[in-house]
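Below is query-v1.tsv, which holds TSV, C-alpha atoms.
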```tsv
chain	number	residue	atom	x	y	z
B	1	MET	CA	-17.70	5.45	18.96
B	2	ALA	CA	-15.22	4.16	21.58
B	3	GLU	CA	-11.73	3.77	20.27
B	4	ASP	CA	-11.67	0.08	21.22
B	5	THR	CA	-14.74	-0.62	19.05
B	6	PRO	CA	-13.93	-0.69	15.33
B	7	THR	CA	-16.04	1.37	12.97
B	8	VAL	CA	-17.55	-0.95	10.36
B	9	VAL	CA	-16.74	0.58	6.99
B	10	THR	CA	-19.71	1.22	4.69
B	11	PRO	CA	-20.31	3.54	1.73
B	12	VAL	CA	-22.04	5.95	4.12
B	13	VAL	CA	-18.95	6.05	6.36
B	14	LEU	CA	-16.73	6.75	3.36
B	15	ARG	CA	-18.98	9.43	1.89
B	16	ASP	CA	-18.84	11.24	5.22
B	17	TRP	CA	-15.03	11.02	5.01
B	18	ARG	CA	-14.39	12.45	1.58
B	19	LEU	CA	-11.10	12.07	-0.23
B	20	PRO	CA	-9.28	15.17	-1.49
B	21	ASP	CA	-10.88	16.76	-4.55
B	22	PRO	CA	-9.84	14.72	-7.62
B	23	SER	CA	-10.07	17.70	-9.99
B	24	GLY	CA	-7.14	19.82	-11.09
B	25	SER	CA	-3.89	19.19	-12.96
B	26	LYS	CA	-1.71	16.12	-12.61
B	27	ASP	CA	0.67	18.16	-10.46
B	28	SER	CA	-2.10	18.89	-7.96
B	29	LYS	CA	-3.15	15.22	-7.67
B	30	GLY	CA	-0.01	14.04	-5.94
B	31	ARG	CA	3.35	12.55	-6.85
B	32	LEU	CA	4.35	9.05	-5.79
B	33	LEU	CA	7.60	7.09	-5.95
B	34	VAL	CA	7.31	3.27	-5.94
B	35	VAL	CA	10.52	1.50	-4.85
B	36	GLY	CA	10.83	-2.24	-5.29
B	37	GLY	CA	11.04	-5.17	-7.65
B	38	CYS	CA	13.83	-7.58	-8.39
B	39	ALA	CA	15.09	-9.37	-11.48
B	40	GLY	CA	12.66	-12.24	-10.95
B	41	ASN	CA	9.61	-10.16	-10.03
B	42	PRO	CA	9.15	-6.96	-12.02
B	43	GLY	CA	5.37	-7.37	-12.00
B	44	ALA	CA	4.81	-6.29	-8.39
B	45	VAL	CA	5.90	-2.69	-8.92
B	46	LEU	CA	3.95	-2.61	-12.19
B	47	LEU	CA	0.76	-3.59	-10.35
B	48	ALA	CA	1.41	-1.11	-7.55
B	49	ALA	CA	2.19	1.75	-9.92
B	50	GLU	CA	-0.88	1.10	-12.05
B	51	ALA	CA	-3.10	0.86	-8.96
B	52	ALA	CA	-1.80	4.22	-7.74
B	53	LEU	CA	-2.61	5.79	-11.10
B	54	ARG	CA	-6.05	4.17	-11.14
B	55	VAL	CA	-7.00	5.73	-7.79
B	56	GLY	CA	-6.02	9.15	-9.05
B	57	ALA	CA	-2.37	9.82	-8.24
B	58	GLY	CA	-1.20	12.50	-10.66
B	59	LYS	CA	2.39	11.44	-11.28
B	60	VAL	CA	3.96	8.07	-10.51
B	61	GLN	CA	7.63	7.17	-10.67
B	62	VAL	CA	9.12	3.69	-10.27
B	63	ALA	CA	12.62	2.93	-8.98
B	64	THR	CA	13.62	-0.68	-9.62
B	65	VAL	CA	16.50	-2.90	-10.69
B	66	GLU	CA	18.29	-1.81	-13.84
B	67	SER	CA	17.81	-5.18	-15.55
B	68	THR	CA	14.01	-4.79	-15.72
B	69	ALA	CA	13.64	-1.01	-15.88
B	70	GLY	CA	13.45	-0.81	-19.67
B	71	ARG	CA	10.66	-3.38	-19.91
B	72	LEU	CA	8.72	-1.69	-17.12
B	73	ALA	CA	9.00	1.69	-18.82
B	74	VAL	CA	7.30	0.20	-21.87
B	75	ALA	CA	4.70	-1.68	-19.79
B	76	VAL	CA	3.71	1.44	-17.83
B	77	PRO	CA	4.22	4.34	-20.25
B	78	GLU	CA	2.37	6.66	-17.87
B	79	ALA	CA	5.18	6.38	-15.28
B	80	PHE	CA	8.80	7.47	-15.18
B	81	VAL	CA	10.99	4.42	-14.51
B	82	LEU	CA	14.46	4.68	-12.97
B	83	GLY	CA	16.90	1.78	-13.23
B	84	LEU	CA	19.05	1.20	-10.13
B	85	ALA	CA	22.30	-0.55	-9.34
B	86	GLN	CA	21.84	-4.21	-8.43
B	87	ASP	CA	23.33	-6.61	-5.92
B	88	GLY	CA	22.57	-9.90	-7.61
B	89	ASP	CA	18.87	-9.85	-8.44
B	90	GLU	CA	17.98	-7.16	-5.89
B	91	ILE	CA	18.25	-3.37	-5.62
B	92	ALA	CA	21.67	-2.61	-4.11
B	93	ALA	CA	21.78	-0.74	-0.80
B	94	SER	CA	24.24	1.62	-2.50
B	95	ALA	CA	21.32	2.90	-4.61
B	96	ALA	CA	19.74	4.53	-1.53
B	97	ALA	CA	21.19	7.97	-2.23
B	98	ARG	CA	19.91	7.90	-5.82
B	99	ILE	CA	16.43	6.89	-4.64
B	100	ALA	CA	16.41	9.65	-2.01
B	101	GLU	CA	17.32	12.15	-4.71
B	102	GLN	CA	14.43	10.89	-6.84
B	103	ALA	CA	12.10	11.14	-3.84
B	104	SER	CA	12.80	14.84	-3.45
B	105	GLY	CA	9.58	16.67	-4.18
B	106	VAL	CA	7.23	13.66	-4.15
B	107	ASP	CA	4.28	13.45	-1.77
B	108	ALA	CA	4.70	9.80	-0.72
B	109	VAL	CA	6.96	6.79	-1.24
B	110	LEU	CA	5.91	3.13	-1.45
B	111	LEU	CA	8.64	0.76	-0.26
B	112	GLY	CA	8.83	-2.99	-0.73
B	113	PRO	CA	6.62	-4.51	-3.45
B	114	GLY	CA	8.50	-7.12	-5.44
B	115	ILE	CA	11.68	-7.13	-3.37
B	116	GLY	CA	12.51	-10.81	-3.09
B	117	ASP	CA	15.09	-11.10	-0.33
B	118	PRO	CA	14.43	-9.89	3.23
B	119	GLY	CA	18.14	-9.22	3.75
B	120	ALA	CA	18.25	-6.99	0.69
B	121	ALA	CA	15.12	-5.15	1.85
B	122	LEU	CA	16.65	-4.60	5.29
B	123	ALA	CA	19.92	-3.26	3.89
B	124	LEU	CA	18.17	-0.95	1.42
B	125	LEU	CA	15.67	0.51	3.86
B	126	GLU	CA	18.30	0.95	6.58
B	127	ALA	CA	20.22	3.15	4.14
B	128	LEU	CA	17.19	4.84	2.56
B	129	VAL	CA	14.58	5.61	5.23
B	130	PRO	CA	16.77	8.06	7.20
B	131	GLN	CA	17.16	10.10	4.00
B	132	LEU	CA	13.42	10.40	3.30
B	133	GLU	CA	11.31	13.36	4.35
B	134	VAL	CA	7.83	12.32	3.17
B	135	PRO	CA	5.26	9.74	4.34
B	136	VAL	CA	5.89	6.17	3.30
B	137	VAL	CA	3.88	3.01	2.76
B	138	VAL	CA	5.85	-0.08	3.78
B	139	ASP	CA	4.64	-3.26	2.12
B	140	ALA	CA	5.55	-6.91	1.61
B	141	VAL	CA	9.21	-7.85	2.20
B	142	GLY	CA	9.87	-4.20	3.05
B	143	THR	CA	8.49	-5.04	6.49
B	144	ALA	CA	11.76	-6.90	7.16
B	145	PHE	CA	13.10	-3.46	8.06
B	146	LEU	CA	10.47	-3.11	10.79
B	147	THR	CA	11.20	-6.60	12.07
B	148	GLU	CA	14.69	-5.40	12.94
B	149	HIS	CA	13.82	-1.75	13.63
B	150	ALA	CA	10.20	-1.53	14.77
B	151	ASP	CA	10.57	2.20	15.43
B	152	GLY	CA	12.76	2.74	12.37
B	153	LEU	CA	10.36	5.07	10.56
B	154	GLY	CA	11.15	7.73	13.14
B	155	THR	CA	9.56	11.10	12.45
B	156	LEU	CA	7.93	9.74	9.26
B	157	ALA	CA	5.82	7.25	11.22
B	158	SER	CA	2.84	9.42	12.11
B	159	GLY	CA	2.13	10.13	8.43
B	160	SER	CA	2.90	6.64	7.15
B	161	VAL	CA	1.09	3.33	6.62
B	162	VAL	CA	2.29	-0.27	6.99
B	163	THR	CA	0.42	-2.93	4.98
B	164	PRO	CA	1.66	-6.37	6.13
B	165	ASN	CA	-0.02	-9.69	5.54
B	166	THR	CA	-0.61	-11.73	8.68
B	167	GLU	CA	2.68	-13.63	8.32
B	168	GLU	CA	4.65	-10.39	8.05
B	169	LEU	CA	2.68	-8.98	10.97
B	170	ALA	CA	3.73	-11.99	13.05
B	171	LEU	CA	7.37	-11.55	12.08
B	172	VAL	CA	7.45	-7.89	13.07
B	173	LEU	CA	5.82	-8.69	16.41
B	174	GLY	CA	7.90	-11.81	17.03
B	175	ALA	CA	4.64	-13.70	17.46
B	176	ASP	CA	3.21	-17.03	16.32
B	177	ASP	CA	1.23	-17.01	13.06
B	178	GLU	CA	-1.75	-18.69	14.72
B	179	GLU	CA	-1.70	-16.17	17.56
B	180	VAL	CA	-1.82	-13.28	15.11
B	181	GLY	CA	-4.48	-14.96	13.00
B	182	ALA	CA	-6.68	-15.42	16.05
B	183	ASP	CA	-6.45	-11.74	17.03
B	184	VAL	CA	-5.63	-9.62	14.00
B	185	LEU	CA	-7.04	-6.45	15.54
B	186	GLY	CA	-5.01	-6.84	18.72
B	187	SER	CA	-1.92	-7.60	16.66
B	188	CYS	CA	-2.49	-4.49	14.53
B	189	ARG	CA	-2.73	-2.41	17.70
B	190	ARG	CA	0.55	-3.85	18.96
B	191	MET	CA	2.21	-3.03	15.65
B	192	VAL	CA	0.88	0.53	15.78
B	193	GLU	CA	2.38	0.92	19.25
B	194	ALA	CA	5.70	-0.49	18.06
B	195	THR	CA	6.00	1.47	14.80
B	196	GLY	CA	3.98	4.65	15.36
B	197	ALA	CA	2.41	4.21	11.92
B	198	THR	CA	-1.11	3.37	10.77
B	199	VAL	CA	-1.44	-0.38	10.16
B	200	LEU	CA	-3.69	-2.11	7.62
B	201	ALA	CA	-3.84	-5.90	7.84
B	202	GLY	CA	-6.15	-8.88	7.62
B	203	SER	CA	-7.56	-11.44	5.22
B	204	ALA	CA	-11.22	-12.48	5.51
B	205	VAL	CA	-11.69	-9.45	7.76
B	206	THR	CA	-9.38	-6.45	7.41
B	207	PHE	CA	-8.57	-3.93	10.12
B	208	ALA	CA	-7.04	-0.48	9.93
B	209	VAL	CA	-5.67	1.01	13.15
B	210	GLU	CA	-4.14	4.45	13.54
B	211	PRO	CA	-1.95	5.91	16.27
B	212	GLY	CA	-4.23	7.01	19.06
B	213	GLY	CA	-6.33	3.86	18.84
B	214	GLU	CA	-9.12	4.62	16.37
B	215	CYS	CA	-9.80	1.59	14.21
B	216	TRP	CA	-11.94	0.37	11.32
B	217	ARG	CA	-13.25	-3.06	10.31
B	218	LEU	CA	-13.81	-4.06	6.68
B	219	GLU	CA	-15.97	-7.14	6.27
B	220	GLN	CA	-16.61	-7.22	2.53
B	221	GLY	CA	-14.49	-8.81	-0.16
B	222	ALA	CA	-14.19	-11.88	-2.37
B	223	PRO	CA	-12.14	-15.00	-1.56
B	224	GLY	CA	-11.10	-15.27	-5.20
B	225	ALA	CA	-9.40	-11.87	-5.00
B	226	ALA	CA	-6.81	-13.29	-2.60
B	227	ALA	CA	-4.53	-13.98	-5.56
B	228	SER	CA	-0.86	-13.47	-6.30
B	229	GLY	CA	-0.20	-9.75	-6.69
B	230	SER	CA	-3.40	-8.67	-4.95
B	231	GLY	CA	-1.44	-7.20	-2.04
B	232	ASP	CA	0.66	-5.15	-4.44
B	233	VAL	CA	-2.52	-3.67	-5.89
B	234	LYS	CA	-3.82	-2.76	-2.43
B	235	ALA	CA	-0.50	-1.21	-1.38
B	236	GLY	CA	-0.39	0.82	-4.60
B	237	ALA	CA	-3.91	2.07	-3.96
B	238	VAL	CA	-3.01	3.08	-0.39
B	239	ALA	CA	0.10	4.91	-1.60
B	240	GLY	CA	-1.75	6.59	-4.46
B	241	LEU	CA	-4.40	7.98	-2.11
B	242	LEU	CA	-1.75	9.05	0.39
B	243	ALA	CA	0.05	10.92	-2.40
B	244	ARG	CA	-3.27	12.56	-3.33
B	245	GLY	CA	-3.37	14.09	0.12
B	246	ALA	CA	-5.54	11.65	2.06
B	247	GLU	CA	-4.83	11.17	5.76
B	248	PRO	CA	-2.92	7.91	6.45
B	249	ALA	CA	-5.91	6.09	7.99
B	250	GLN	CA	-8.22	7.49	5.32
B	251	ALA	CA	-5.92	6.25	2.55
B	252	ALA	CA	-5.76	2.81	4.17
B	253	VAL	CA	-9.50	2.46	4.74
B	254	TRP	CA	-10.57	3.78	1.35
B	255	ALA	CA	-8.00	1.68	-0.50
B	256	ALA	CA	-8.98	-1.49	1.34
B	257	TYR	CA	-12.67	-0.92	0.65
B	258	VAL	CA	-12.17	-0.11	-3.03
B	259	HIS	CA	-9.83	-3.09	-3.43
B	260	ALA	CA	-12.40	-5.42	-1.85
B	261	GLY	CA	-15.15	-3.91	-3.98
B	262	ALA	CA	-13.12	-4.61	-7.11
B	263	GLY	CA	-12.85	-8.24	-6.01
B	264	GLU	CA	-16.60	-8.47	-5.50
B	265	ARG	CA	-17.27	-6.91	-8.89
B	266	LEU	CA	-14.94	-9.39	-10.57
B	267	THR	CA	-16.57	-12.31	-8.81
B	268	SER	CA	-19.85	-11.40	-10.47
B	269	GLU	CA	-18.13	-10.98	-13.84
B	270	VAL	CA	-15.57	-13.81	-13.83
B	271	GLY	CA	-16.53	-16.23	-11.08
B	272	ARG	CA	-15.28	-17.22	-7.65
B	273	VAL	CA	-11.93	-18.43	-8.99
B	274	GLY	CA	-9.59	-17.24	-11.72
B	275	ILE	CA	-9.40	-13.58	-10.69
B	276	LEU	CA	-6.08	-11.99	-11.63
B	277	ALA	CA	-4.52	-9.08	-9.76
B	278	ARG	CA	-4.28	-7.13	-13.01
B	279	ASP	CA	-8.07	-7.42	-13.31
B	280	LEU	CA	-8.47	-5.80	-9.88
B	281	VAL	CA	-6.47	-2.78	-11.06
B	282	SER	CA	-8.80	-2.11	-13.95
B	283	ARG	CA	-11.90	-2.15	-11.69
B	284	LEU	CA	-10.59	0.31	-9.09
B	285	PRO	CA	-11.68	3.55	-10.84
B	286	ARG	CA	-15.31	2.47	-11.21
B	287	ILE	CA	-15.64	1.41	-7.56
B	288	LEU	CA	-13.98	4.64	-6.45
B	289	ASP	CA	-16.21	6.73	-8.67
B	290	GLU	CA	-19.37	5.08	-7.34
B	291	LEU	CA	-18.32	6.02	-3.80
B	292	GLU	CA	-17.31	9.58	-4.65
B	293	VAL	CA	-20.55	10.63	-6.37
```
Take the structure in the file and write it out as structure tokens.
Amino acid sequence: MAEDTPTVVTPVVLRDWRLPDPSGSKDSKGRLLVVGGCAGNPGAVLLAAEAALRVGAGKVQVATVESTAGRLAVAVPEAFVLGLAQDGDEIAASAAARIAEQASGVDAVLLGPGIGDPGAALALLEALVPQLEVPVVVDAVGTAFLTEHADGLGTLASGSVVTPNTEELALVLGADDEEVGADVLGSCRRMVEATGATVLAGSAVTFAVEPGGECWRLEQGAPGAAASGSGDVKAGAVAGLLARGAEPAQAAVWAAYVHAGAGERLTSEVGRVGILARDLVSRLPRILDELEV
């Protein structure tokens, strides 16, 4: 298919693009570090970490503000939780060296979920990204770093994924929200050119675009799944699959499809409204398993 024509994602497409073998020990299934959260929003990294575990990541670590680390460690007993120095409610930029040390030996790093202040995200990622040596997923307010440094991922870019919503996509591109909303695919392509990373973005229709121009279109999903925290679940799923060894575009496409499938499943169980992001997390393994058989 021509690179300017998106591949419509279906179960057949995914089954011809198999994920890495999920068997083996937890050490062989990938190690992920989730960096984010603030004093007022510890739930985002919890959702992301749980989503990563639910799509099969073997070991997940969370680096977040010290004031919430203890509660998170209890809430996600399957993950190691590291408490970091704070600047007000946010992770302090001075914690970058400690995070980089924790990232040594992991297979991927998720940056951004739950960070509340764009300035804090910019300062932290400016100090941290140059110290990382593994692929990253940049999500949510973490994209403030790319707004100021579109090419800031450097040598990490080709193996990394950016998962902005359309507003964040517009900010990185310096474009109008309506302009981006009217041409999400074109905007994703522009962001790929600017960052060098695979980009996953959209709402009613989601697009994934990788460096080189190949792209995918995901048309399924449930309006009720567009709930607070849903993006954190999707980013965690992308990062979990990336840590498992999936290619960046493969991790993005599979995660988006499984996330949307979880929303559809919940719509039939719960209804068109009232879906919670935490409910999406619990449905991910079943949707993934149905595709992997």
Checklist entry - Of the candidates B:Ser28, B:Ala44, B:Ala79, B:Ala277, which one gets nearest to Ala140 (chain B) if we count all atoms listed in the file? => result B:Ala44
Checklist entry - Between B:Gly229, B:Pro42, B:Gly240, B:Pro135, which has the minimum distance to Asp279 (chain B) (counting all atoms listed in the file)? => result B:Gly229
Given 8 Å on each side, where is the centre and what are the edge lengths in Å to one decimal of the axis-aligned box enclosing the listed atoms of region 205-220 of chain B, as lines of an AutoDock Vina configuration file?
```
center_x = -9.3
center_y = -1.2
center_z = 10.8
size_x = 30.7
size_y = 32.5
size_z = 32.5
```
Checklist entry - Between CA of Thr267 (chain B) and CA of Ser282 (chain B), what is the distance, to one decimal in Å? => result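 Going from CA of Thr267 (chain B) over to CA of Ser282 (chain B) covers 13.8 Å.
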Item to check | Atom-to-atom span, CA of Thr143 (chain B) and CA of Cys188 (chain B), Å | outcome: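 Taking CA of Thr143 (chain B) and CA of Cys188 (chain B), their separation equals 13.6 Å.
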Item to check | 10 Å contact set for Val184 (chain B), all atoms listed in the file, chain neighbours under 2 positions out, as number ranges by chain | outcome: B: 166, 169-170, 178-182, 186-190, 201-203, 205-207
Could those selected residues go to a file with C-alpha atoms, as an mmCIF file, in the frame of the given file?
```cif
data_model
loop_
_atom_site.group_PDB
_atom_site.id
_atom_site.type_symbol
_atom_site.label_atom_id
_atom_site.label_comp_id
_atom_site.auth_asym_id
_atom_site.auth_seq_id
_atom_site.Cartn_x
_atom_site.Cartn_y
_atom_site.Cartn_z
ATOM 1 C CA THR B 166 -0.610 -11.730 8.680
ATOM 2 C CA LEU B 169 2.680 -8.980 10.970
ATOM 3 C CA ALA B 170 3.730 -11.990 13.050
ATOM 4 C CA GLU B 178 -1.750 -18.690 14.720
ATOM 5 C CA GLU B 179 -1.700 -16.170 17.560
ATOM 6 C CA VAL B 180 -1.820 -13.280 15.110
ATOM 7 C CA GLY B 181 -4.480 -14.960 13.000
ATOM 8 C CA ALA B 182 -6.680 -15.420 16.050
ATOM 9 C CA GLY B 186 -5.010 -6.840 18.720
ATOM 10 C CA SER B 187 -1.920 -7.600 16.660
ATOM 11 C CA CYS B 188 -2.490 -4.490 14.530
ATOM 12 C CA ARG B 189 -2.730 -2.410 17.700
ATOM 13 C CA ARG B 190 0.550 -3.850 18.960
ATOM 14 C CA ALA B 201 -3.840 -5.900 7.840
ATOM 15 C CA GLY B 202 -6.150 -8.880 7.620
ATOM 16 C CA SER B 203 -7.560 -11.440 5.220
ATOM 17 C CA VAL B 205 -11.690 -9.450 7.760
ATOM 18 C CA THR B 206 -9.380 -6.450 7.410
ATOM 19 C CA PHE B 207 -8.570 -3.930 10.120
#
```
Report as a PDB file with C-alpha atoms, in the coordinates of the input all protein, DNA and RNA residues lying within 9 Å of Val172 (chain B), evaluated on only C-alpha atoms, omitting residues in the same chain fewer than 5 positions from it.
```pdb
ATOM      1  CA  THR B 143       8.490  -5.040   6.490  1.00  0.00           C
ATOM      2  CA  ALA B 144      11.760  -6.900   7.160  1.00  0.00           C
ATOM      3  CA  PHE B 145      13.100  -3.460   8.060  1.00  0.00           C
ATOM      4  CA  LEU B 146      10.470  -3.110  10.790  1.00  0.00           C
ATOM      5  CA  THR B 147      11.200  -6.600  12.070  1.00  0.00           C
ATOM      6  CA  GLU B 148      14.690  -5.400  12.940  1.00  0.00           C
ATOM      7  CA  HIS B 149      13.820  -1.750  13.630  1.00  0.00           C
ATOM      8  CA  ALA B 150      10.200  -1.530  14.770  1.00  0.00           C
ATOM      9  CA  GLU B 167       2.680 -13.630   8.320  1.00  0.00           C
ATOM     10  CA  MET B 191       2.210  -3.030  15.650  1.00  0.00           C
TER      11      MET B 191
END
```
Checklist entry - If you count all atoms listed in the file, which residues fall within 12 Å of Ala39 (chain B), apart from same-chain ones fewer than 5 positions away, as JSON, numbers by chain? => result {"B": [44, 45, 64, 65, 66, 67, 68, 69, 70, 71, 72, 83, 84, 85, 86, 87, 88, 89, 90, 91, 92, 114, 115, 116, 117]}
